[in-house]
Amino acid sequence: MAEQKAGIYLNTQSNKVRRVGVGVNAPGGQEWVKITDDPNAGLLAIRDEAKKKGLGAKPEEIQWDF
């Protein structure tokens, strides 16, 4: 089951993304949306995907959640 959760998640409130690998719990809460199944996606690809899907207020300003 953990494999299905691996990917990149966007917090639509803070406009930050978090990488989730195999065996790690996905972030909880309605503000977190999965952008891609690829946990190794780069920030530019993530921004592009968010723009295509209409996610986030300003996809070009998405940053990593540290």
# chains A, B, ... in the order shown; residues from 1 in each chain; ligands from 1
>>> residues_around(residues="Lys34 of chain A", least_positions_apart="6", cutoff="8 Å", atoms="only C-alpha atoms", output="ChimeraX atom specification")
/A:7-10
>>> select_by_dssp(residues="chain A", states="strand (DSSP E or B)", output="list of chain:residue names")
A:Gly7, A:Ile8, A:Tyr9, A:Leu10, A:Asn11, A:Lys16, A:Val17, A:Arg18, A:Arg19, A:Val20, A:Trp32, A:Val33, A:Lys34, A:Ile35, A:Thr36, A:Gln63, A:Trp64
>>> write_last_selection(atoms="all heavy atoms", output="short mmCIF file (atom, residue, chain, number, x, y, z; two decimals), in the first residue's frame")
data_model
loop_
_atom_site.label_atom_id
_atom_site.label_comp_id
_atom_site.auth_asym_id
_atom_site.auth_seq_id
_atom_site.Cartn_x
_atom_site.Cartn_y
_atom_site.Cartn_z
N GLY A 7 5.23 9.70 -3.97
CA GLY A 7 5.06 10.75 -4.96
C GLY A 7 5.36 12.11 -4.37
O GLY A 7 6.02 12.23 -3.35
N ILE A 8 4.86 13.12 -5.02
CA ILE A 8 5.03 14.51 -4.58
C ILE A 8 3.66 15.08 -4.25
O ILE A 8 2.73 14.96 -5.04
CB ILE A 8 5.69 15.37 -5.68
CG1 ILE A 8 7.02 14.78 -6.15
CG2 ILE A 8 5.85 16.82 -5.22
CD1 ILE A 8 8.15 14.86 -5.15
N TYR A 9 3.56 15.70 -3.08
CA TYR A 9 2.31 16.27 -2.60
C TYR A 9 2.45 17.78 -2.44
O TYR A 9 3.46 18.26 -1.94
CB TYR A 9 1.93 15.67 -1.25
CG TYR A 9 1.53 14.21 -1.34
CD1 TYR A 9 2.48 13.21 -1.45
CD2 TYR A 9 0.19 13.84 -1.35
CE1 TYR A 9 2.12 11.88 -1.54
CE2 TYR A 9 -0.19 12.51 -1.44
CZ TYR A 9 0.79 11.54 -1.54
OH TYR A 9 0.42 10.22 -1.63
N LEU A 10 1.43 18.51 -2.86
CA LEU A 10 1.39 19.96 -2.75
C LEU A 10 0.45 20.38 -1.64
O LEU A 10 -0.68 19.90 -1.55
CB LEU A 10 0.89 20.57 -4.07
CG LEU A 10 0.55 22.06 -4.05
CD1 LEU A 10 1.81 22.90 -3.89
CD2 LEU A 10 -0.19 22.46 -5.32
N ASN A 11 0.93 21.27 -0.78
CA ASN A 11 0.07 21.89 0.22
C ASN A 11 -0.50 23.13 -0.45
O ASN A 11 0.22 24.09 -0.71
CB ASN A 11 0.86 22.26 1.47
CG ASN A 11 -0.03 22.82 2.55
OD1 ASN A 11 -0.84 23.70 2.31
ND2 ASN A 11 0.13 22.32 3.75
N LYS A 16 3.69 24.77 -0.98
CA LYS A 16 4.93 24.02 -0.82
C LYS A 16 4.68 22.55 -1.11
O LYS A 16 3.59 22.04 -0.88
CB LYS A 16 5.47 24.19 0.59
CG LYS A 16 5.86 25.63 0.85
CD LYS A 16 6.67 25.78 2.07
CE LYS A 16 7.04 27.26 2.21
NZ LYS A 16 8.19 27.45 3.00
N VAL A 17 5.72 21.88 -1.63
CA VAL A 17 5.61 20.47 -1.96
C VAL A 17 6.49 19.63 -1.05
O VAL A 17 7.51 20.09 -0.54
CB VAL A 17 5.97 20.19 -3.44
CG1 VAL A 17 4.91 20.70 -4.35
CG2 VAL A 17 7.32 20.75 -3.81
N ARG A 18 6.06 18.38 -0.85
CA ARG A 18 6.78 17.43 -0.01
C ARG A 18 6.95 16.13 -0.77
O ARG A 18 6.01 15.62 -1.36
CB ARG A 18 5.99 17.19 1.27
CG ARG A 18 6.70 16.27 2.25
CD ARG A 18 5.91 16.07 3.52
NE ARG A 18 5.74 17.35 4.21
CZ ARG A 18 4.95 17.50 5.27
NH1 ARG A 18 4.23 16.49 5.72
NH2 ARG A 18 4.84 18.68 5.86
N ARG A 19 8.17 15.60 -0.73
CA ARG A 19 8.48 14.32 -1.36
C ARG A 19 8.15 13.20 -0.39
O ARG A 19 8.54 13.23 0.77
CB ARG A 19 9.98 14.30 -1.70
CG ARG A 19 10.44 13.11 -2.46
CD ARG A 19 11.95 13.14 -2.71
NE ARG A 19 12.49 14.44 -3.07
CZ ARG A 19 12.59 14.91 -4.31
NH1 ARG A 19 12.17 14.17 -5.31
NH2 ARG A 19 13.11 16.08 -4.55
N VAL A 20 7.41 12.19 -0.87
CA VAL A 20 7.03 11.04 -0.05
C VAL A 20 7.52 9.79 -0.75
O VAL A 20 7.15 9.52 -1.89
CB VAL A 20 5.50 10.98 0.16
CG1 VAL A 20 5.11 9.71 0.91
CG2 VAL A 20 5.01 12.21 0.91
N TRP A 32 -3.48 18.93 1.33
CA TRP A 32 -2.43 18.22 0.60
C TRP A 32 -3.02 17.48 -0.59
O TRP A 32 -3.95 16.70 -0.45
CB TRP A 32 -1.72 17.22 1.52
CG TRP A 32 -0.86 17.90 2.53
CD1 TRP A 32 -1.18 18.16 3.82
CD2 TRP A 32 0.46 18.39 2.32
NE1 TRP A 32 -0.13 18.79 4.44
CE2 TRP A 32 0.89 18.96 3.54
CE3 TRP A 32 1.32 18.43 1.23
CZ2 TRP A 32 2.15 19.53 3.70
CZ3 TRP A 32 2.57 19.01 1.38
CH2 TRP A 32 2.97 19.55 2.61
N VAL A 33 -2.46 17.73 -1.78
CA VAL A 33 -2.91 17.13 -3.02
C VAL A 33 -1.71 16.48 -3.70
O VAL A 33 -0.65 17.09 -3.81
CB VAL A 33 -3.51 18.20 -3.96
CG1 VAL A 33 -3.93 17.60 -5.28
CG2 VAL A 33 -4.66 18.92 -3.30
N LYS A 34 -1.89 15.24 -4.15
CA LYS A 34 -0.82 14.55 -4.84
C LYS A 34 -0.68 15.11 -6.25
O LYS A 34 -1.65 15.14 -7.01
CB LYS A 34 -1.10 13.05 -4.89
CG LYS A 34 0.05 12.23 -5.40
CD LYS A 34 -0.28 10.75 -5.27
CE LYS A 34 0.92 9.89 -5.52
NZ LYS A 34 0.60 8.47 -5.35
N ILE A 35 0.53 15.55 -6.60
CA ILE A 35 0.79 16.12 -7.92
C ILE A 35 1.28 15.06 -8.89
O ILE A 35 0.89 15.03 -10.04
CB ILE A 35 1.81 17.25 -7.83
CG1 ILE A 35 1.20 18.42 -7.12
CG2 ILE A 35 2.30 17.65 -9.21
CD1 ILE A 35 1.88 19.73 -7.32
N THR A 36 2.19 14.20 -8.41
CA THR A 36 2.77 13.18 -9.28
C THR A 36 3.10 11.92 -8.48
O THR A 36 3.35 12.00 -7.28
CB THR A 36 4.04 13.71 -10.00
OG1 THR A 36 4.59 12.67 -10.81
CG2 THR A 36 5.09 14.19 -9.03
N GLN A 63 7.53 25.92 -3.80
CA GLN A 63 8.84 25.68 -3.17
C GLN A 63 8.79 24.35 -2.41
O GLN A 63 7.71 23.83 -2.13
CB GLN A 63 9.18 26.81 -2.19
CG GLN A 63 9.33 28.16 -2.82
CD GLN A 63 10.55 28.24 -3.71
OE1 GLN A 63 11.63 27.74 -3.36
NE2 GLN A 63 10.40 28.84 -4.87
N TRP A 64 9.95 23.83 -2.04
CA TRP A 64 10.02 22.61 -1.22
C TRP A 64 9.63 22.92 0.21
O TRP A 64 9.96 23.98 0.75
CB TRP A 64 11.42 22.02 -1.24
CG TRP A 64 11.80 21.42 -2.55
CD1 TRP A 64 12.73 21.90 -3.42
CD2 TRP A 64 11.27 20.23 -3.12
NE1 TRP A 64 12.79 21.07 -4.52
CE2 TRP A 64 11.90 20.03 -4.37
CE3 TRP A 64 10.31 19.30 -2.73
CZ2 TRP A 64 11.62 18.96 -5.20
CZ3 TRP A 64 10.03 18.23 -3.57
CH2 TRP A 64 10.68 18.06 -4.78
#
>>> select_by_dssp(residues="chain A", states="helix (DSSP H, G or I)", output="PyMOL selection string")
chain A and resi 2-5+43-53+59-61
>>> residues_around(residues="segment 44-52 of chain A", least_positions_apart="3", cutoff="8 Å", atoms="only C-alpha atoms", output="VMD selection string")
chain A and resid 8 35 to 36 41 55 to 56 59 to 62
>>> closest_residue(among="A:Asn40, A:Lys5, A:Lys58, A:Gln13", to="Ala26 of chain A", atoms="only C-alpha atoms")
A:Lys5
>>> atom_distance(atom1="atom CA of Asn15 of chain A", atom2="atom CA of Gly28 of chain A")
15.4 Å
>>> closest_residue(among="A:Lys53, A:Asp38, A:Ala6, A:Thr12", to="Val24 of chain A", atoms="only C-alpha atoms")
A:Ala6
>>> decode(residues="segment 17-33 of chain A", atoms="N, CA, C and O atoms", output="mmCIF file, in the first residue's frame")
data_model
loop_
_atom_site.group_PDB
_atom_site.id
_atom_site.type_symbol
_atom_site.label_atom_id
_atom_site.label_comp_id
_atom_site.auth_asym_id
_atom_site.auth_seq_id
_atom_site.Cartn_x
_atom_site.Cartn_y
_atom_site.Cartn_z
ATOM 1 N N VAL A 17 5.719 21.878 -1.627
ATOM 2 C CA VAL A 17 5.610 20.465 -1.958
ATOM 3 C C VAL A 17 6.494 19.625 -1.052
ATOM 4 O O VAL A 17 7.514 20.086 -0.541
ATOM 5 N N ARG A 18 6.062 18.383 -0.851
ATOM 6 C CA ARG A 18 6.784 17.432 -0.006
ATOM 7 C C ARG A 18 6.948 16.132 -0.773
ATOM 8 O O ARG A 18 6.008 15.617 -1.360
ATOM 9 N N ARG A 19 8.170 15.599 -0.731
ATOM 10 C CA ARG A 19 8.484 14.325 -1.362
ATOM 11 C C ARG A 19 8.147 13.196 -0.388
ATOM 12 O O ARG A 19 8.543 13.226 0.772
ATOM 13 N N VAL A 20 7.410 12.189 -0.868
ATOM 14 C CA VAL A 20 7.034 11.043 -0.045
ATOM 15 C C VAL A 20 7.524 9.785 -0.747
ATOM 16 O O VAL A 20 7.154 9.520 -1.885
ATOM 17 N N GLY A 21 8.390 9.045 -0.068
ATOM 18 C CA GLY A 21 8.924 7.809 -0.630
ATOM 19 C C GLY A 21 8.174 6.594 -0.116
ATOM 20 O O GLY A 21 7.251 6.692 0.694
ATOM 21 N N VAL A 22 8.605 5.449 -0.595
ATOM 22 C CA VAL A 22 8.001 4.179 -0.193
ATOM 23 C C VAL A 22 8.204 3.987 1.307
ATOM 24 O O VAL A 22 9.285 4.218 1.833
ATOM 25 N N GLY A 23 7.154 3.579 1.994
ATOM 26 C CA GLY A 23 7.229 3.324 3.426
ATOM 27 C C GLY A 23 7.039 4.559 4.288
ATOM 28 O O GLY A 23 7.120 4.487 5.506
ATOM 29 N N VAL A 24 6.796 5.695 3.675
ATOM 30 C CA VAL A 24 6.582 6.943 4.413
ATOM 31 C C VAL A 24 5.120 7.326 4.256
ATOM 32 O O VAL A 24 4.568 7.252 3.165
ATOM 33 N N ASN A 25 4.510 7.742 5.345
ATOM 34 C CA ASN A 25 3.103 8.137 5.289
ATOM 35 C C ASN A 25 2.931 9.429 4.499
ATOM 36 O O ASN A 25 3.705 10.365 4.646
ATOM 37 N N ALA A 26 1.909 9.454 3.681
ATOM 38 C CA ALA A 26 1.560 10.668 2.938
ATOM 39 C C ALA A 26 1.063 11.715 3.927
ATOM 40 O O ALA A 26 0.495 11.366 4.970
ATOM 41 N N PRO A 27 1.272 12.987 3.631
ATOM 42 C CA PRO A 27 0.775 14.027 4.542
ATOM 43 C C PRO A 27 -0.738 13.979 4.639
ATOM 44 O O PRO A 27 -1.426 13.699 3.652
ATOM 45 N N GLY A 28 -1.252 14.252 5.816
ATOM 46 C CA GLY A 28 -2.698 14.229 6.037
ATOM 47 C C GLY A 28 -3.302 15.605 5.885
ATOM 48 O O GLY A 28 -2.615 16.618 5.900
ATOM 49 N N GLY A 29 -4.577 15.641 5.720
ATOM 50 C CA GLY A 29 -5.286 16.914 5.620
ATOM 51 C C GLY A 29 -5.749 17.186 4.199
ATOM 52 O O GLY A 29 -5.130 16.749 3.232
ATOM 53 N N GLN A 30 -6.832 17.910 4.099
ATOM 54 C CA GLN A 30 -7.420 18.207 2.798
ATOM 55 C C GLN A 30 -6.592 19.187 1.981
ATOM 56 O O GLN A 30 -6.778 19.302 0.775
ATOM 57 N N GLU A 31 -5.678 19.905 2.635
ATOM 58 C CA GLU A 31 -4.871 20.886 1.909
ATOM 59 C C GLU A 31 -3.747 20.232 1.094
ATOM 60 O O GLU A 31 -3.132 20.874 0.259
ATOM 61 N N TRP A 32 -3.482 18.930 1.327
ATOM 62 C CA TRP A 32 -2.430 18.217 0.599
ATOM 63 C C TRP A 32 -3.021 17.480 -0.590
ATOM 64 O O TRP A 32 -3.951 16.705 -0.453
ATOM 65 N N VAL A 33 -2.463 17.734 -1.776
ATOM 66 C CA VAL A 33 -2.914 17.129 -3.025
ATOM 67 C C VAL A 33 -1.713 16.477 -3.700
ATOM 68 O O VAL A 33 -0.652 17.092 -3.812
#
